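Okay, so here's the structure we're looking at.
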Amino acid sequence: MLVLPYGYAYGRVEAHAVKGILHGVREGRIVLEGCRGGSAWERPGQAAELAVRAATDEETAEVLRVVRTDGAAPRWDVTVAHADGRHWRVAVVQSASAPPRPESCGTSVLGSPARMEVRELRELAVASALAS
């Protein structure tokens, strides 16, 4: 499920969860349960932004943005900024999902889709964040 206007994708949601997600959107909030990330970011950025939301209990839409992504598969360092000036550096690593499962909806072909795992999240000091 793709939720507009914020562009967040949700997967494997049931009717009761959809109701909560849509209620949150009307209030300008992002519900983390079932959220796979914002479509504006690449997969490492999606994982990093959701990790910052979870660590800070930030639900407000449009206050976090991915400002920098360094690295390449299978490891990235992603910088996430908050509208209030805070910044975080998030280490994201790609691994294979297990056990094998369908790689997309509607297919019966099993595979090991790429999975983004957050390995480290740390808030940056203001001077460090500005140097990034």
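Residues in the structure tokens are numbered from 1 in each chain, the chains being A, B, ... in the order shown, and ligands are numbered from 1 in the order shown.
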
Exercise for review: Within 6 Å of stretch 39-49 of chain A, counting only C-alpha atoms, which residues show up once you throw out same-chain ones fewer than 2 positions away? Write them as an NGL selection string, please.
Suggested key: :A and (7-8 or 37 or 51-52 or 90)

Practice item. Identify, with DSSP run on backbone atoms, the residues in chain A assigned to helix (DSSP H, G or I), and express the list as a ChimeraX atom specification. Key: /A:15-26,43-56,126-131

Point to revise | Contacts of A:Glu58 at 12 Å (only C-alpha atoms; same-chain gap of 2+ positions) as JSON, numbers by chain | key: {"A": [28, 29, 30, 31, 32, 49, 50, 51, 52, 53, 54, 55, 56, 60, 61, 62, 63, 64, 82, 83, 84]}

Could you turn the residues from that selection into a file that holds all heavy atoms, as a compact mmCIF listing (two decimals), in the first residue's frame?
# COMPACT_ATOMS: atom_id res chain seq x y z
N GLY A 28 -1.05 13.97 9.87
CA GLY A 28 0.32 14.34 9.51
C GLY A 28 1.35 13.47 10.20
O GLY A 28 2.48 13.90 10.42
N ARG A 29 0.98 12.22 10.51
CA ARG A 29 1.88 11.29 11.20
C ARG A 29 2.21 10.11 10.29
O ARG A 29 1.40 9.70 9.48
CB ARG A 29 1.25 10.74 12.48
CG ARG A 29 1.00 11.74 13.56
CD ARG A 29 0.44 11.09 14.84
NE ARG A 29 -0.84 10.42 14.62
CZ ARG A 29 -1.01 9.09 14.62
NH1 ARG A 29 0.02 8.27 14.83
NH2 ARG A 29 -2.20 8.55 14.42
N ILE A 30 3.39 9.55 10.51
CA ILE A 30 3.81 8.32 9.85
C ILE A 30 3.72 7.20 10.87
O ILE A 30 4.35 7.27 11.93
CB ILE A 30 5.26 8.44 9.32
CG1 ILE A 30 5.39 9.63 8.37
CG2 ILE A 30 5.70 7.14 8.67
CD1 ILE A 30 4.46 9.62 7.18
N VAL A 31 2.93 6.18 10.57
CA VAL A 31 2.81 5.00 11.43
C VAL A 31 3.92 4.04 11.05
O VAL A 31 4.08 3.69 9.87
CB VAL A 31 1.42 4.34 11.25
CG1 VAL A 31 1.33 3.05 12.03
CG2 VAL A 31 0.32 5.32 11.67
N LEU A 32 4.72 3.61 12.01
CA LEU A 32 5.86 2.75 11.71
C LEU A 32 5.48 1.29 11.48
O LEU A 32 6.15 0.61 10.70
CB LEU A 32 6.89 2.83 12.84
CG LEU A 32 7.71 4.11 12.88
CD1 LEU A 32 8.71 4.05 14.02
CD2 LEU A 32 8.42 4.35 11.57
N GLU A 49 16.10 6.22 7.60
CA GLU A 49 15.08 7.14 8.09
C GLU A 49 14.12 6.45 9.06
O GLU A 49 13.78 7.00 10.12
CB GLU A 49 14.27 7.73 6.92
CG GLU A 49 13.32 8.81 7.40
CD GLU A 49 11.96 8.73 6.77
OE1 GLU A 49 11.70 7.84 5.94
OE2 GLU A 49 11.12 9.57 7.16
N LEU A 50 13.70 5.23 8.74
CA LEU A 50 12.81 4.51 9.65
C LEU A 50 13.50 4.20 10.98
O LEU A 50 12.86 4.23 12.04
CB LEU A 50 12.30 3.22 9.00
CG LEU A 50 11.32 3.42 7.84
CD1 LEU A 50 10.96 2.08 7.22
CD2 LEU A 50 10.08 4.18 8.28
N ALA A 51 14.80 3.91 10.95
CA ALA A 51 15.53 3.65 12.18
C ALA A 51 15.59 4.89 13.06
O ALA A 51 15.43 4.81 14.29
CB ALA A 51 16.95 3.16 11.86
N VAL A 52 15.79 6.06 12.44
CA VAL A 52 15.80 7.30 13.21
C VAL A 52 14.41 7.55 13.79
O VAL A 52 14.27 7.91 14.97
CB VAL A 52 16.27 8.49 12.35
CG1 VAL A 52 16.05 9.82 13.07
CG2 VAL A 52 17.75 8.32 11.98
N ARG A 53 13.37 7.34 13.00
CA ARG A 53 12.00 7.51 13.51
C ARG A 53 11.77 6.62 14.72
O ARG A 53 11.22 7.05 15.73
CB ARG A 53 10.97 7.20 12.43
CG ARG A 53 10.81 8.27 11.41
CD ARG A 53 9.60 8.03 10.51
NE ARG A 53 9.48 9.11 9.55
CZ ARG A 53 8.95 10.30 9.83
NH1 ARG A 53 8.49 10.55 11.03
NH2 ARG A 53 8.89 11.24 8.91
N ALA A 54 12.18 5.36 14.62
CA ALA A 54 11.96 4.42 15.73
C ALA A 54 12.77 4.81 16.96
O ALA A 54 12.26 4.76 18.08
CB ALA A 54 12.33 3.01 15.28
N ALA A 55 14.01 5.22 16.77
CA ALA A 55 14.89 5.56 17.90
C ALA A 55 14.45 6.83 18.62
O ALA A 55 14.69 6.98 19.82
CB ALA A 55 16.33 5.70 17.42
N THR A 56 13.84 7.74 17.88
CA THR A 56 13.47 9.04 18.46
C THR A 56 11.97 9.18 18.72
O THR A 56 11.53 10.23 19.19
CB THR A 56 13.91 10.19 17.53
OG1 THR A 56 13.22 10.06 16.28
CG2 THR A 56 15.41 10.20 17.32
N THR A 60 6.02 12.65 13.17
CA THR A 60 5.61 13.75 12.32
C THR A 60 6.13 13.58 10.90
O THR A 60 7.33 13.36 10.69
CB THR A 60 6.09 15.10 12.89
OG1 THR A 60 5.68 15.20 14.26
CG2 THR A 60 5.55 16.26 12.10
N ALA A 61 5.24 13.68 9.94
CA ALA A 61 5.62 13.57 8.54
C ALA A 61 6.46 14.79 8.13
O ALA A 61 6.33 15.86 8.71
CB ALA A 61 4.37 13.48 7.67
N GLU A 62 7.31 14.59 7.17
CA GLU A 62 8.08 15.65 6.51
C GLU A 62 9.07 16.38 7.40
O GLU A 62 9.47 17.49 7.08
CB GLU A 62 7.13 16.63 5.81
CG GLU A 62 6.28 15.97 4.74
CD GLU A 62 5.42 16.94 3.97
OE1 GLU A 62 4.77 17.82 4.59
OE2 GLU A 62 5.40 16.82 2.73
N VAL A 63 9.48 15.81 8.53
CA VAL A 63 10.50 16.46 9.35
C VAL A 63 11.86 15.79 9.21
O VAL A 63 12.87 16.37 9.62
CB VAL A 63 10.12 16.55 10.85
CG1 VAL A 63 8.88 17.41 11.03
CG2 VAL A 63 9.96 15.19 11.47
N LEU A 64 11.91 14.60 8.63
CA LEU A 64 13.18 13.90 8.42
C LEU A 64 13.47 13.82 6.93
O LEU A 64 12.56 13.65 6.11
CB LEU A 64 13.13 12.48 9.00
CG LEU A 64 13.01 12.36 10.50
CD1 LEU A 64 12.89 10.89 10.90
CD2 LEU A 64 14.19 13.00 11.20
N HIS A 82 16.96 16.16 10.73
CA HIS A 82 15.65 16.56 11.25
C HIS A 82 15.48 18.05 10.97
O HIS A 82 16.45 18.81 10.95
CB HIS A 82 15.60 16.30 12.76
CG HIS A 82 14.24 16.36 13.35
ND1 HIS A 82 13.55 17.55 13.52
CD2 HIS A 82 13.40 15.39 13.80
CE1 HIS A 82 12.37 17.31 14.06
NE2 HIS A 82 12.26 16.00 14.24
N ALA A 83 14.25 18.48 10.78
CA ALA A 83 13.96 19.90 10.53
C ALA A 83 14.44 20.80 11.66
O ALA A 83 14.70 21.98 11.45
CB ALA A 83 12.47 20.09 10.30
N ASP A 84 14.60 20.24 12.87
CA ASP A 84 15.06 21.04 14.01
C ASP A 84 16.58 21.17 14.07
O ASP A 84 17.12 21.79 14.99
CB ASP A 84 14.50 20.51 15.33
CG ASP A 84 15.07 19.14 15.72
OD1 ASP A 84 16.01 18.64 15.06
OD2 ASP A 84 14.54 18.55 16.69

Review point. If you count only C-alpha atoms, which residues fall within 7 Å of A:Thr69, apart from same-chain ones fewer than 2 positions away, as a ChimeraX atom specification?
Key: /A:71,76-79

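Using only C-alpha atoms, the shortest contact distance between A:Ala73 and any of A:Val126, A:Val18, A:Ala114, A:Leu4 is found at A:Ala114.
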
Write out as a short mmCIF file (atom, residue, chain, number, x, y, z; two decimals) with N, CA, C and O atoms, in the first residue's frame all residues of chain A that backbone DSSP assigns to strand (DSSP E).
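Everything below was put into part_20.cif:
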data_model
loop_
_atom_site.label_atom_id
_atom_site.label_comp_id
_atom_site.auth_asym_id
_atom_site.auth_seq_id
_atom_site.Cartn_x
_atom_site.Cartn_y
_atom_site.Cartn_z
N LEU A 2 0.62 2.17 -0.90
CA LEU A 2 1.36 3.42 -0.97
C LEU A 2 0.47 4.53 -0.44
O LEU A 2 -0.67 4.70 -0.89
N VAL A 3 0.97 5.29 0.54
CA VAL A 3 0.18 6.33 1.19
C VAL A 3 0.64 7.70 0.70
O VAL A 3 1.80 8.07 0.85
N TYR A 8 4.85 7.00 1.56
CA TYR A 8 5.35 5.88 2.35
C TYR A 8 4.68 4.59 1.91
O TYR A 8 3.46 4.56 1.68
N ALA A 9 5.48 3.53 1.77
CA ALA A 9 4.96 2.22 1.36
C ALA A 9 4.78 1.34 2.60
O ALA A 9 5.63 1.34 3.50
N TYR A 10 3.70 0.60 2.59
CA TYR A 10 3.39 -0.33 3.68
C TYR A 10 3.18 -1.70 3.07
O TYR A 10 2.61 -1.83 1.98
N CYS A 35 5.53 -0.23 7.96
CA CYS A 35 6.10 0.74 7.03
C CYS A 35 7.40 0.21 6.44
O CYS A 35 8.27 -0.27 7.15
N ARG A 36 7.51 0.32 5.13
CA ARG A 36 8.72 -0.12 4.43
C ARG A 36 9.59 1.06 4.00
O ARG A 36 10.66 0.85 3.47
N GLY A 37 9.11 2.27 4.20
CA GLY A 37 9.95 3.43 3.91
C GLY A 37 9.31 4.40 2.95
O GLY A 37 8.30 4.11 2.31
N GLY A 38 9.94 5.55 2.86
CA GLY A 38 9.49 6.61 1.98
C GLY A 38 10.00 6.40 0.57
O GLY A 38 11.18 6.12 0.36
N LEU A 64 11.91 14.60 8.63
CA LEU A 64 13.18 13.90 8.42
C LEU A 64 13.47 13.82 6.93
O LEU A 64 12.56 13.65 6.11
N ARG A 65 14.76 13.94 6.61
CA ARG A 65 15.17 13.76 5.21
C ARG A 65 16.55 13.14 5.16
O ARG A 65 17.38 13.36 6.05
N VAL A 66 16.77 12.38 4.13
CA VAL A 66 18.08 11.78 3.88
C VAL A 66 18.90 12.83 3.15
O VAL A 66 18.51 13.29 2.07
N VAL A 67 20.02 13.25 3.76
CA VAL A 67 20.81 14.32 3.17
C VAL A 67 22.09 13.83 2.51
O VAL A 67 22.70 14.55 1.73
N ARG A 68 22.49 12.59 2.83
CA ARG A 68 23.73 12.08 2.24
C ARG A 68 23.77 10.56 2.37
O ARG A 68 23.39 10.02 3.40
N THR A 69 24.24 9.93 1.31
CA THR A 69 24.46 8.49 1.35
C THR A 69 25.84 8.22 0.78
O THR A 69 26.12 8.58 -0.37
N ASP A 70 26.70 7.63 1.60
CA ASP A 70 28.06 7.27 1.18
C ASP A 70 28.17 5.75 1.14
O ASP A 70 27.62 5.07 2.00
N GLY A 71 28.91 5.25 0.15
CA GLY A 71 29.13 3.82 0.07
C GLY A 71 28.37 3.20 -1.08
O GLY A 71 27.75 3.88 -1.89
N ALA A 72 28.44 1.90 -1.14
CA ALA A 72 27.76 1.10 -2.17
C ALA A 72 27.50 -0.27 -1.58
O ALA A 72 28.07 -0.64 -0.55
N ARG A 75 27.33 -1.99 1.85
CA ARG A 75 27.39 -1.18 3.08
C ARG A 75 27.32 0.31 2.74
O ARG A 75 28.03 0.77 1.85
N TRP A 76 26.46 1.01 3.47
CA TRP A 76 26.31 2.44 3.29
C TRP A 76 26.34 3.16 4.63
O TRP A 76 25.95 2.61 5.65
N ASP A 77 26.78 4.41 4.59
CA ASP A 77 26.64 5.32 5.73
C ASP A 77 25.67 6.41 5.26
O ASP A 77 25.95 7.12 4.29
N VAL A 78 24.55 6.51 5.95
CA VAL A 78 23.49 7.43 5.55
C VAL A 78 23.35 8.50 6.62
O VAL A 78 23.32 8.20 7.82
N THR A 79 23.27 9.76 6.18
CA THR A 79 23.04 10.86 7.11
C THR A 79 21.58 11.31 6.97
O THR A 79 21.12 11.60 5.87
N VAL A 80 20.89 11.34 8.11
CA VAL A 80 19.49 11.74 8.17
C VAL A 80 19.42 13.03 8.99
O VAL A 80 20.02 13.11 10.06
N ALA A 81 18.70 14.02 8.47
CA ALA A 81 18.56 15.31 9.15
C ALA A 81 17.12 15.53 9.58
O ALA A 81 16.17 15.14 8.88
N HIS A 82 16.96 16.16 10.73
CA HIS A 82 15.65 16.56 11.25
C HIS A 82 15.48 18.05 10.97
O HIS A 82 16.45 18.81 10.95
N HIS A 87 21.06 15.74 13.45
CA HIS A 87 21.50 14.83 12.38
C HIS A 87 21.93 13.51 12.99
O HIS A 87 22.44 13.47 14.11
N TRP A 88 21.77 12.44 12.21
CA TRP A 88 22.20 11.10 12.62
C TRP A 88 22.98 10.45 11.49
O TRP A 88 22.67 10.68 10.33
N ARG A 89 23.97 9.66 11.86
CA ARG A 89 24.69 8.82 10.89
C ARG A 89 24.23 7.40 11.16
O ARG A 89 24.26 6.92 12.29
N VAL A 90 23.81 6.74 10.09
CA VAL A 90 23.23 5.40 10.19
C VAL A 90 24.01 4.46 9.28
O VAL A 90 24.11 4.71 8.08
N ALA A 91 24.57 3.39 9.86
CA ALA A 91 25.26 2.36 9.07
C ALA A 91 24.23 1.32 8.65
O ALA A 91 23.55 0.74 9.49
N VAL A 92 24.11 1.12 7.34
CA VAL A 92 23.15 0.18 6.78
C VAL A 92 23.90 -0.87 5.97
O VAL A 92 24.79 -0.54 5.19
N VAL A 93 23.55 -2.15 6.18
CA VAL A 93 24.20 -3.26 5.49
C VAL A 93 23.14 -4.07 4.77
O VAL A 93 22.08 -4.35 5.32
N GLN A 94 23.46 -4.47 3.54
CA GLN A 94 22.55 -5.32 2.76
C GLN A 94 22.88 -6.78 3.01
O GLN A 94 24.04 -7.18 3.01
N SER A 95 21.84 -7.57 3.24
CA SER A 95 22.01 -9.01 3.40
C SER A 95 20.87 -9.70 2.64
O SER A 95 19.98 -9.04 2.11
N ALA A 96 20.92 -11.01 2.59
CA ALA A 96 19.86 -11.77 1.91
C ALA A 96 18.82 -12.21 2.94
O ALA A 96 19.17 -12.67 4.02
N ARG A 101 11.67 -16.81 -0.06
CA ARG A 101 10.27 -16.39 -0.13
C ARG A 101 10.01 -15.77 -1.49
O ARG A 101 10.96 -15.42 -2.19
N PRO A 102 8.74 -15.57 -1.85
CA PRO A 102 8.46 -14.88 -3.10
C PRO A 102 9.09 -13.47 -3.05
O PRO A 102 8.99 -12.78 -2.04
N LEU A 110 10.48 -18.58 -5.57
CA LEU A 110 11.14 -18.27 -4.31
C LEU A 110 12.54 -17.72 -4.57
O LEU A 110 13.23 -18.14 -5.49
N GLY A 111 12.95 -16.79 -3.74
CA GLY A 111 14.28 -16.21 -3.83
C GLY A 111 14.69 -15.68 -2.46
O GLY A 111 14.00 -15.88 -1.48
N ALA A 114 16.94 -8.91 -1.23
CA ALA A 114 17.87 -8.09 -0.44
C ALA A 114 17.13 -7.50 0.74
O ALA A 114 15.99 -7.08 0.65
N ARG A 115 17.82 -7.46 1.87
CA ARG A 115 17.28 -6.92 3.11
C ARG A 115 18.24 -5.86 3.62
O ARG A 115 19.46 -6.06 3.62
N MET A 116 17.72 -4.72 4.04
CA MET A 116 18.53 -3.65 4.59
C MET A 116 18.50 -3.74 6.11
O MET A 116 17.43 -3.74 6.71
N GLU A 117 19.67 -3.87 6.72
CA GLU A 117 19.78 -3.96 8.18
C GLU A 117 20.55 -2.77 8.72
O GLU A 117 21.63 -2.46 8.22
N VAL A 118 19.99 -2.13 9.72
CA VAL A 118 20.69 -1.02 10.38
C VAL A 118 21.63 -1.61 11.42
O VAL A 118 21.19 -2.33 12.31
N ARG A 119 22.90 -1.33 11.27
CA ARG A 119 23.90 -1.87 12.20
C ARG A 119 24.29 -0.88 13.29
O ARG A 119 24.70 -1.27 14.37
N GLU A 120 24.20 0.40 12.98
CA GLU A 120 24.57 1.42 13.97
C GLU A 120 23.83 2.70 13.66
O GLU A 120 23.62 3.05 12.50
N LEU A 121 23.43 3.40 14.71
CA LEU A 121 22.76 4.68 14.58
C LEU A 121 23.33 5.58 15.66
O LEU A 121 23.33 5.20 16.83
N ARG A 122 23.84 6.73 15.26
CA ARG A 122 24.35 7.65 16.28
C ARG A 122 24.02 9.08 15.89
O ARG A 122 24.07 9.45 14.73
N GLU A 123 23.66 9.85 16.91
CA GLU A 123 23.38 11.26 16.68
C GLU A 123 24.70 12.00 16.55
O GLU A 123 25.65 11.74 17.29
N LEU A 124 24.76 12.91 15.60
CA LEU A 124 25.97 13.68 15.35
C LEU A 124 25.94 15.01 16.10
O LEU A 124 24.86 15.59 16.27
#

Practice item. Could you jot down the atom CA of A:Asp57 to atom CA of A:Gly11 separation for me, Å, one decimal place? Key: 20.5 Å

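With distances restricted to only C-alpha atoms, A:Glu59 is the closest residue to A:Glu27 from A:Pro100, A:Glu59, A:Pro113, A:Ala125.
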